[in-house]
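K.L.:
So I've got this file, target-v3.txt, and it contains compact mmCIF, N, CA and C atoms:
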# COMPACT_ATOMS: atom_id res chain seq x y z
N MET A 299 41.37 242.85 60.07
CA MET A 299 41.28 244.24 60.48
C MET A 299 41.27 245.13 59.25
N GLN A 300 40.32 246.03 59.20
CA GLN A 300 40.24 246.95 58.07
C GLN A 300 41.23 248.07 58.26
N ASN A 301 41.95 248.44 57.19
CA ASN A 301 42.85 249.58 57.23
C ASN A 301 42.29 250.73 56.42
N ASP A 302 41.04 250.63 55.99
CA ASP A 302 40.48 251.62 55.08
C ASP A 302 39.73 252.74 55.80
N ILE A 303 39.88 252.87 57.11
CA ILE A 303 39.23 253.98 57.81
C ILE A 303 39.96 255.27 57.47
N GLU A 304 39.21 256.34 57.46
CA GLU A 304 39.82 257.64 57.17
C GLU A 304 40.67 258.09 58.34
N ARG A 305 41.75 258.76 58.02
CA ARG A 305 42.61 259.30 59.06
C ARG A 305 41.92 260.44 59.79
N LEU A 306 42.35 260.65 61.01
CA LEU A 306 41.81 261.75 61.80
C LEU A 306 42.71 262.97 61.67
N THR A 307 42.08 264.15 61.64
CA THR A 307 42.84 265.39 61.72
C THR A 307 43.26 265.57 63.18
N ALA A 308 44.10 266.56 63.45
CA ALA A 308 44.57 266.79 64.82
C ALA A 308 43.40 267.08 65.76
N ILE A 309 42.48 267.95 65.36
CA ILE A 309 41.35 268.28 66.24
C ILE A 309 40.41 267.09 66.40
N GLU A 310 40.26 266.27 65.35
CA GLU A 310 39.43 265.07 65.46
C GLU A 310 40.07 264.08 66.44
N GLU A 311 41.38 263.92 66.35
CA GLU A 311 42.06 262.99 67.25
C GLU A 311 41.99 263.48 68.69
N ASP A 312 42.19 264.78 68.91
CA ASP A 312 42.06 265.34 70.26
C ASP A 312 40.65 265.11 70.80
N THR A 313 39.66 265.31 69.95
CA THR A 313 38.26 265.11 70.36
C THR A 313 38.00 263.65 70.67
N MET A 314 38.50 262.75 69.82
CA MET A 314 38.30 261.32 70.07
C MET A 314 38.96 260.89 71.38
N ASN A 315 40.10 261.46 71.71
CA ASN A 315 40.74 261.11 72.99
C ASN A 315 39.83 261.45 74.16
N VAL A 316 39.12 262.55 74.08
CA VAL A 316 38.16 262.91 75.13
C VAL A 316 36.98 261.94 75.10
N ILE A 317 36.48 261.64 73.91
CA ILE A 317 35.34 260.71 73.78
C ILE A 317 35.72 259.33 74.31
N TRP A 318 36.91 258.84 73.98
CA TRP A 318 37.35 257.54 74.48
C TRP A 318 37.43 257.56 76.01
N GLN A 319 37.83 258.68 76.57
CA GLN A 319 37.91 258.80 78.02
C GLN A 319 36.52 258.79 78.65
N LEU A 320 35.58 259.51 78.04
CA LEU A 320 34.23 259.63 78.60
C LEU A 320 33.34 258.44 78.29
N GLY A 321 33.55 257.82 77.15
CA GLY A 321 32.63 256.78 76.70
C GLY A 321 31.44 257.44 76.02
N THR A 322 30.24 257.00 76.31
CA THR A 322 29.04 257.61 75.74
C THR A 322 28.92 259.04 76.25
N CYS A 323 28.71 260.00 75.32
CA CYS A 323 28.71 261.41 75.73
C CYS A 323 28.01 262.30 74.71
N SER A 324 27.73 263.52 75.14
CA SER A 324 27.16 264.54 74.25
C SER A 324 28.26 265.51 73.84
N ILE A 325 27.95 266.36 72.88
CA ILE A 325 28.91 267.38 72.46
C ILE A 325 29.25 268.29 73.64
N ARG A 326 28.24 268.69 74.39
CA ARG A 326 28.47 269.59 75.54
C ARG A 326 29.38 268.95 76.59
N GLN A 327 29.22 267.66 76.82
CA GLN A 327 30.10 266.98 77.78
C GLN A 327 31.55 266.99 77.30
N VAL A 328 31.74 266.79 76.01
CA VAL A 328 33.10 266.83 75.46
C VAL A 328 33.65 268.25 75.55
N LEU A 329 32.83 269.22 75.21
CA LEU A 329 33.26 270.63 75.26
C LEU A 329 33.73 271.00 76.67
N ALA A 330 33.05 270.48 77.68
CA ALA A 330 33.44 270.77 79.07
C ALA A 330 34.82 270.20 79.40
N GLU A 331 35.22 269.11 78.72
CA GLU A 331 36.49 268.44 79.00
C GLU A 331 37.65 268.92 78.14
N VAL A 332 37.36 269.61 77.04
CA VAL A 332 38.40 270.07 76.12
C VAL A 332 39.19 271.19 76.81
N PRO A 333 40.53 271.12 76.74
CA PRO A 333 41.33 272.17 77.39
C PRO A 333 41.18 273.52 76.68
N GLU A 334 41.53 274.57 77.39
CA GLU A 334 41.52 275.92 76.83
C GLU A 334 42.62 276.04 75.80
N PRO A 335 42.46 276.83 74.78
CA PRO A 335 41.25 277.57 74.42
C PRO A 335 40.21 276.61 73.81
N LYS A 336 39.01 276.65 74.34
CA LYS A 336 37.94 275.78 73.87
C LYS A 336 37.43 276.26 72.51
N PRO A 337 37.17 275.32 71.61
CA PRO A 337 36.59 275.72 70.33
C PRO A 337 35.14 276.12 70.52
N PRO A 338 34.59 276.91 69.60
CA PRO A 338 33.16 277.20 69.67
C PRO A 338 32.35 275.91 69.55
N TYR A 339 31.17 275.88 70.14
CA TYR A 339 30.29 274.72 70.09
C TYR A 339 30.07 274.28 68.65
N THR A 340 29.85 275.25 67.75
CA THR A 340 29.56 274.91 66.35
C THR A 340 30.74 274.22 65.69
N THR A 341 31.95 274.62 66.06
CA THR A 341 33.15 273.96 65.52
C THR A 341 33.21 272.52 66.00
N LEU A 342 32.96 272.32 67.30
CA LEU A 342 32.99 270.97 67.84
C LEU A 342 31.87 270.12 67.24
N ALA A 343 30.71 270.73 66.99
CA ALA A 343 29.60 270.00 66.36
C ALA A 343 30.01 269.54 64.96
N SER A 344 30.76 270.37 64.24
CA SER A 344 31.25 269.98 62.90
C SER A 344 32.24 268.83 63.01
N VAL A 345 33.09 268.87 64.03
CA VAL A 345 34.04 267.77 64.25
C VAL A 345 33.27 266.48 64.51
N PHE A 346 32.22 266.56 65.32
CA PHE A 346 31.39 265.38 65.60
C PHE A 346 30.76 264.83 64.32
N LYS A 347 30.28 265.72 63.45
CA LYS A 347 29.69 265.27 62.17
C LYS A 347 30.74 264.52 61.35
N ASN A 348 31.97 265.05 61.31
CA ASN A 348 33.03 264.38 60.57
C ASN A 348 33.37 263.03 61.19
N LEU A 349 33.43 262.98 62.52
CA LEU A 349 33.71 261.71 63.19
C LEU A 349 32.61 260.68 62.93
N GLU A 350 31.38 261.16 62.87
CA GLU A 350 30.25 260.28 62.55
C GLU A 350 30.36 259.77 61.12
N ARG A 351 30.67 260.67 60.19
CA ARG A 351 30.82 260.29 58.78
C ARG A 351 31.93 259.26 58.60
N LYS A 352 32.99 259.40 59.40
CA LYS A 352 34.13 258.50 59.33
C LYS A 352 33.92 257.22 60.16
N HIS A 353 32.76 257.11 60.82
CA HIS A 353 32.36 255.94 61.60
C HIS A 353 33.14 255.76 62.90
N TYR A 354 33.73 256.83 63.42
CA TYR A 354 34.41 256.76 64.70
C TYR A 354 33.42 256.84 65.86
N ILE A 355 32.27 257.50 65.63
CA ILE A 355 31.23 257.59 66.64
C ILE A 355 29.88 257.30 66.00
N LYS A 356 28.93 256.91 66.86
CA LYS A 356 27.57 256.59 66.38
C LYS A 356 26.57 257.37 67.24
N PRO A 357 25.70 258.16 66.58
CA PRO A 357 24.75 258.95 67.36
C PRO A 357 23.46 258.19 67.66
N TYR A 358 22.81 258.60 68.74
CA TYR A 358 21.44 258.19 69.02
C TYR A 358 20.81 259.30 69.85
N ARG A 359 19.50 259.32 69.83
CA ARG A 359 18.77 260.36 70.58
C ARG A 359 18.45 259.88 71.99
N ASP A 360 18.65 260.79 72.93
CA ASP A 360 18.27 260.57 74.31
C ASP A 360 17.42 261.77 74.69
N GLY A 361 16.12 261.64 74.49
CA GLY A 361 15.23 262.79 74.65
C GLY A 361 15.45 263.76 73.50
N LYS A 362 15.78 264.99 73.85
CA LYS A 362 16.02 266.00 72.81
C LYS A 362 17.50 266.15 72.47
N THR A 363 18.34 265.37 73.13
CA THR A 363 19.78 265.49 72.97
C THR A 363 20.33 264.33 72.14
N TYR A 364 21.29 264.64 71.28
CA TYR A 364 22.03 263.58 70.61
C TYR A 364 23.17 263.16 71.52
N VAL A 365 23.29 261.87 71.68
CA VAL A 365 24.37 261.28 72.47
C VAL A 365 25.15 260.39 71.50
N TYR A 366 26.43 260.25 71.76
CA TYR A 366 27.30 259.52 70.84
C TYR A 366 27.99 258.36 71.54
N ARG A 367 28.02 257.23 70.85
CA ARG A 367 28.73 256.03 71.29
C ARG A 367 30.00 255.90 70.46
N ILE A 368 30.96 255.23 71.02
CA ILE A 368 32.22 254.98 70.32
C ILE A 368 31.99 253.94 69.24
N GLY A 369 32.45 254.24 68.02
CA GLY A 369 32.34 253.31 66.91
C GLY A 369 33.62 252.52 66.68
N ILE A 370 34.75 253.12 67.07
CA ILE A 370 36.06 252.48 66.93
C ILE A 370 36.79 252.71 68.24
N THR A 371 37.25 251.65 68.87
CA THR A 371 37.94 251.79 70.15
C THR A 371 39.32 252.42 69.94
N LYS A 372 39.86 252.93 71.01
CA LYS A 372 41.20 253.52 70.96
C LYS A 372 42.23 252.47 70.55
N GLU A 373 42.05 251.25 71.01
CA GLU A 373 42.97 250.17 70.67
C GLU A 373 42.91 249.85 69.17
N GLU A 374 41.68 249.82 68.61
CA GLU A 374 41.53 249.58 67.17
C GLU A 374 42.20 250.69 66.37
N TYR A 375 41.97 251.93 66.81
CA TYR A 375 42.57 253.09 66.12
C TYR A 375 44.09 253.01 66.20
N ALA A 376 44.62 252.70 67.38
CA ALA A 376 46.08 252.61 67.55
C ALA A 376 46.65 251.52 66.64
N ALA A 377 46.01 250.37 66.61
CA ALA A 377 46.50 249.26 65.78
C ALA A 377 46.50 249.65 64.30
N ARG A 378 45.42 250.27 63.84
CA ARG A 378 45.34 250.67 62.44
C ARG A 378 46.36 251.74 62.11
N THR A 379 46.58 252.65 63.04
CA THR A 379 47.55 253.73 62.82
C THR A 379 48.96 253.15 62.73
N VAL A 380 49.28 252.23 63.63
CA VAL A 380 50.61 251.61 63.61
C VAL A 380 50.78 250.78 62.34
N HIS A 381 49.76 250.03 61.95
CA HIS A 381 49.85 249.24 60.71
C HIS A 381 50.11 250.16 59.51
N ARG A 382 49.40 251.26 59.46
CA ARG A 382 49.57 252.21 58.36
C ARG A 382 50.99 252.78 58.37
N MET A 383 51.50 253.13 59.57
CA MET A 383 52.85 253.68 59.68
C MET A 383 53.88 252.65 59.23
N VAL A 384 53.72 251.41 59.67
CA VAL A 384 54.66 250.36 59.28
C VAL A 384 54.62 250.15 57.76
N ASP A 385 53.42 250.13 57.19
CA ASP A 385 53.30 249.97 55.74
C ASP A 385 53.95 251.15 54.99
N ASN A 386 53.70 252.37 55.47
CA ASN A 386 54.17 253.56 54.76
C ASN A 386 55.64 253.88 54.95
N TYR A 387 56.20 253.59 56.14
CA TYR A 387 57.56 254.03 56.45
C TYR A 387 58.56 252.90 56.63
N PHE A 388 58.09 251.68 56.82
CA PHE A 388 59.00 250.57 57.09
C PHE A 388 58.74 249.38 56.18
N THR A 389 58.26 249.66 54.98
CA THR A 389 57.98 248.65 53.95
C THR A 389 57.23 247.44 54.49
N GLY A 390 56.33 247.70 55.43
CA GLY A 390 55.50 246.63 55.97
C GLY A 390 56.20 245.73 56.96
N SER A 391 57.41 246.09 57.38
CA SER A 391 58.21 245.22 58.25
C SER A 391 58.28 245.77 59.68
N TYR A 392 57.74 244.99 60.61
CA TYR A 392 57.85 245.37 62.02
C TYR A 392 59.29 245.23 62.49
N LYS A 393 60.02 244.33 61.89
CA LYS A 393 61.45 244.19 62.21
C LYS A 393 62.17 245.50 61.92
N HIS A 394 61.86 246.11 60.78
CA HIS A 394 62.49 247.40 60.43
C HIS A 394 62.08 248.49 61.42
N LEU A 395 60.85 248.44 61.88
CA LEU A 395 60.37 249.41 62.87
C LEU A 395 61.19 249.29 64.16
N VAL A 396 61.37 248.07 64.66
CA VAL A 396 62.13 247.86 65.89
C VAL A 396 63.59 248.25 65.68
N GLN A 397 64.15 247.91 64.52
CA GLN A 397 65.53 248.28 64.22
C GLN A 397 65.69 249.80 64.21
N PHE A 398 64.70 250.49 63.69
CA PHE A 398 64.71 251.95 63.65
C PHE A 398 64.83 252.53 65.05
N PHE A 399 64.00 252.04 65.97
CA PHE A 399 64.03 252.55 67.34
C PHE A 399 65.28 252.10 68.07
N ALA A 400 65.72 250.88 67.82
CA ALA A 400 66.93 250.39 68.48
C ALA A 400 68.15 251.18 68.01
N ALA A 401 68.23 251.47 66.72
CA ALA A 401 69.36 252.22 66.18
C ALA A 401 69.37 253.67 66.67
N GLY A 402 68.20 254.21 66.92
CA GLY A 402 68.10 255.59 67.38
C GLY A 402 68.24 255.72 68.89
N SER A 403 68.55 254.63 69.57
CA SER A 403 68.70 254.61 71.03
C SER A 403 67.43 255.01 71.76
N ASP A 404 66.27 254.91 71.08
CA ASP A 404 65.01 255.21 71.73
C ASP A 404 64.52 254.03 72.56
N ILE A 405 65.16 252.89 72.38
CA ILE A 405 64.75 251.69 73.11
C ILE A 405 66.01 250.98 73.58
N SER A 406 66.03 250.60 74.83
CA SER A 406 67.22 249.97 75.40
C SER A 406 67.22 248.46 75.13
N THR A 407 68.37 247.87 75.29
CA THR A 407 68.50 246.42 75.15
C THR A 407 67.62 245.73 76.18
N LYS A 408 67.57 246.28 77.39
CA LYS A 408 66.72 245.72 78.44
C LYS A 408 65.25 245.75 78.01
N ASP A 409 64.81 246.87 77.42
CA ASP A 409 63.42 246.97 76.94
C ASP A 409 63.17 245.96 75.83
N LEU A 410 64.11 245.79 74.92
CA LEU A 410 63.96 244.81 73.84
C LEU A 410 63.83 243.40 74.40
N GLN A 411 64.65 243.08 75.39
CA GLN A 411 64.57 241.76 76.01
C GLN A 411 63.22 241.57 76.70
N GLU A 412 62.72 242.61 77.34
CA GLU A 412 61.42 242.54 78.00
C GLU A 412 60.31 242.34 76.97
N ILE A 413 60.41 243.02 75.83
CA ILE A 413 59.42 242.87 74.76
C ILE A 413 59.43 241.44 74.23
N ILE A 414 60.62 240.89 74.02
CA ILE A 414 60.74 239.50 73.54
C ILE A 414 60.11 238.55 74.55
N ARG A 415 60.38 238.76 75.84
CA ARG A 415 59.80 237.92 76.89
C ARG A 415 58.28 237.99 76.86
N MET A 416 57.74 239.21 76.71
CA MET A 416 56.29 239.39 76.69
C MET A 416 55.67 238.70 75.48
N ILE A 417 56.33 238.79 74.33
CA ILE A 417 55.82 238.14 73.12
C ILE A 417 55.83 236.63 73.30
N GLU A 418 56.92 236.10 73.82
CA GLU A 418 57.03 234.66 74.03
C GLU A 418 55.99 234.14 75.02
N GLN A 419 55.62 234.95 75.99
CA GLN A 419 54.64 234.53 76.99
C GLN A 419 53.22 234.91 76.60
N GLY A 420 53.06 235.57 75.46
CA GLY A 420 51.74 235.91 74.97
C GLY A 420 51.04 237.02 75.76
N GLU A 421 51.82 237.88 76.40
CA GLU A 421 51.23 238.97 77.18
C GLU A 421 50.69 240.04 76.24
N THR A 422 49.59 240.64 76.66
CA THR A 422 49.02 241.74 75.88
C THR A 422 49.62 243.05 76.39
N PRO A 423 49.76 244.04 75.50
CA PRO A 423 50.37 245.30 75.91
C PRO A 423 49.46 246.04 76.88
N SER A 424 50.09 246.74 77.81
CA SER A 424 49.35 247.57 78.75
C SER A 424 49.34 248.99 78.23
N GLN A 425 48.40 249.80 78.69
CA GLN A 425 48.27 251.19 78.26
C GLN A 425 48.94 252.11 79.28
N ASP A 426 50.24 251.88 79.59
CA ASP A 426 50.97 252.70 80.58
C ASP A 426 51.11 254.12 80.12
Starting from the file, lay out its structure as structure tokens.
P.N.:
Amino acid sequence: MQNDIERLTAIEEDTMNVIWQLGTCSIRQVLAEVPEPKPPYTTLASVFKNLERKHYIKPYRDGKTYVYRIGITKEEYAARTVHRMVDNYFTGSYKHLVQFFAAGSDISTKDLQEIIRMIEQGETPSQD
């Protein structure tokens, strides 16, 4: 897995969340889904150019309209983001990450036991 993708800004990440939800889409389709206050079309078009440059989306023409496909899935982005966070804040140790949450009472003993059970059984995480 490559960790060399560029990070997303807040507006890029918000835009990608809409794109991941829609799948293949145009700028206008994303603009229709963005919550108020909606950015100007030109601002969103600039965000799309940045996302294209960063390889998060891939454009193609459909008639006179540019349509965009997802270049990096939400799961790939989440994995890379978590890997980067673990490397930067927990010296590359997932054990330290879990200890951090366990010590902060953000995760219960029951949840930890459930996580261990899921790992032992090879279950994949759900997007709850």
K.L.:
Among chain A, which residues does DSSP mark as strand (DSSP E) when it is run on the backbone? Keep the chain and numbering as in the structure and answer as a PDB file with N, CA and C atoms, keeping the file's coordinate frame.
P.N.:
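Output file result_32.pdb follows:
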ATOM      1  N   ILE A 355      32.270 257.500  65.630  1.00  0.00           N
ATOM      2  CA  ILE A 355      31.230 257.590  66.640  1.00  0.00           C
ATOM      3  C   ILE A 355      29.880 257.300  66.000  1.00  0.00           C
ATOM      4  N   LYS A 356      28.930 256.910  66.860  1.00  0.00           N
ATOM      5  CA  LYS A 356      27.570 256.590  66.380  1.00  0.00           C
ATOM      6  C   LYS A 356      26.570 257.370  67.240  1.00  0.00           C
ATOM      7  N   PRO A 357      25.700 258.160  66.580  1.00  0.00           N
ATOM      8  CA  PRO A 357      24.750 258.950  67.360  1.00  0.00           C
ATOM      9  C   PRO A 357      23.460 258.190  67.660  1.00  0.00           C
ATOM     10  N   TYR A 358      22.810 258.600  68.740  1.00  0.00           N
ATOM     11  CA  TYR A 358      21.440 258.190  69.020  1.00  0.00           C
ATOM     12  C   TYR A 358      20.810 259.300  69.850  1.00  0.00           C
ATOM     13  N   ARG A 359      19.500 259.320  69.830  1.00  0.00           N
ATOM     14  CA  ARG A 359      18.770 260.360  70.580  1.00  0.00           C
ATOM     15  C   ARG A 359      18.450 259.880  71.990  1.00  0.00           C
ATOM     16  N   ASP A 360      18.650 260.790  72.930  1.00  0.00           N
ATOM     17  CA  ASP A 360      18.270 260.570  74.310  1.00  0.00           C
ATOM     18  C   ASP A 360      17.420 261.770  74.690  1.00  0.00           C
ATOM     19  N   THR A 363      18.340 265.370  73.130  1.00  0.00           N
ATOM     20  CA  THR A 363      19.780 265.490  72.970  1.00  0.00           C
ATOM     21  C   THR A 363      20.330 264.330  72.140  1.00  0.00           C
ATOM     22  N   TYR A 364      21.290 264.640  71.280  1.00  0.00           N
ATOM     23  CA  TYR A 364      22.030 263.580  70.610  1.00  0.00           C
ATOM     24  C   TYR A 364      23.170 263.160  71.520  1.00  0.00           C
ATOM     25  N   VAL A 365      23.290 261.870  71.680  1.00  0.00           N
ATOM     26  CA  VAL A 365      24.370 261.280  72.470  1.00  0.00           C
ATOM     27  C   VAL A 365      25.150 260.390  71.500  1.00  0.00           C
ATOM     28  N   TYR A 366      26.430 260.250  71.760  1.00  0.00           N
ATOM     29  CA  TYR A 366      27.300 259.520  70.840  1.00  0.00           C
ATOM     30  C   TYR A 366      27.990 258.360  71.540  1.00  0.00           C
ATOM     31  N   ARG A 367      28.020 257.230  70.850  1.00  0.00           N
ATOM     32  CA  ARG A 367      28.730 256.030  71.290  1.00  0.00           C
ATOM     33  C   ARG A 367      30.000 255.900  70.460  1.00  0.00           C
ATOM     34  N   ILE A 368      30.960 255.230  71.020  1.00  0.00           N
ATOM     35  CA  ILE A 368      32.220 254.980  70.320  1.00  0.00           C
ATOM     36  C   ILE A 368      31.990 253.940  69.240  1.00  0.00           C
TER      37      ILE A 368
END
K.L.:
How many Å lie between atom CA of Tyr375 of chain A and atom CA of His353 of chain A, rounded to one decimal?
P.N.:
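Computing the Euclidean distance for atom CA of Tyr375 of chain A and atom CA of His353 of chain A yields 11.5 Å.
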K.L.:
Which neighbours of Ser324 of chain A fall inside 7 Å, counting all atoms listed in the file, when residues of the same chain fewer than 4 positions from it are skipped, and could you give them as a ChimeraX atom specification?
P.N.:
/A:328-329,364-366
K.L.:
Determine which residues of chain A receive a DSSP assignment of helix (DSSP H, G or I), computed from the backbone, and state them as JSON, numbers by chain.
P.N.:
{"A": [308, 309, 310, 311, 312, 313, 314, 315, 316, 317, 318, 319, 320, 325, 326, 327, 328, 329, 330, 331, 339, 340, 341, 342, 343, 344, 345, 346, 347, 348, 349, 350, 351, 372, 373, 374, 375, 376, 377, 378, 379, 380, 381, 382, 383, 384, 385, 386, 387, 392, 393, 394, 395, 396, 397, 398, 399, 400, 401, 407, 408, 409, 410, 411, 412, 413, 414, 415, 416, 417, 418, 419]}
K.L.:
Counting only C-alpha atoms, which residue out of A:Phe346, A:Phe398, A:Phe388, A:Tyr354 sits closest to Trp318 of chain A?
P.N.:
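Residue with the minimum atom-to-atom distance to Trp318 of chain A: A:Tyr354.
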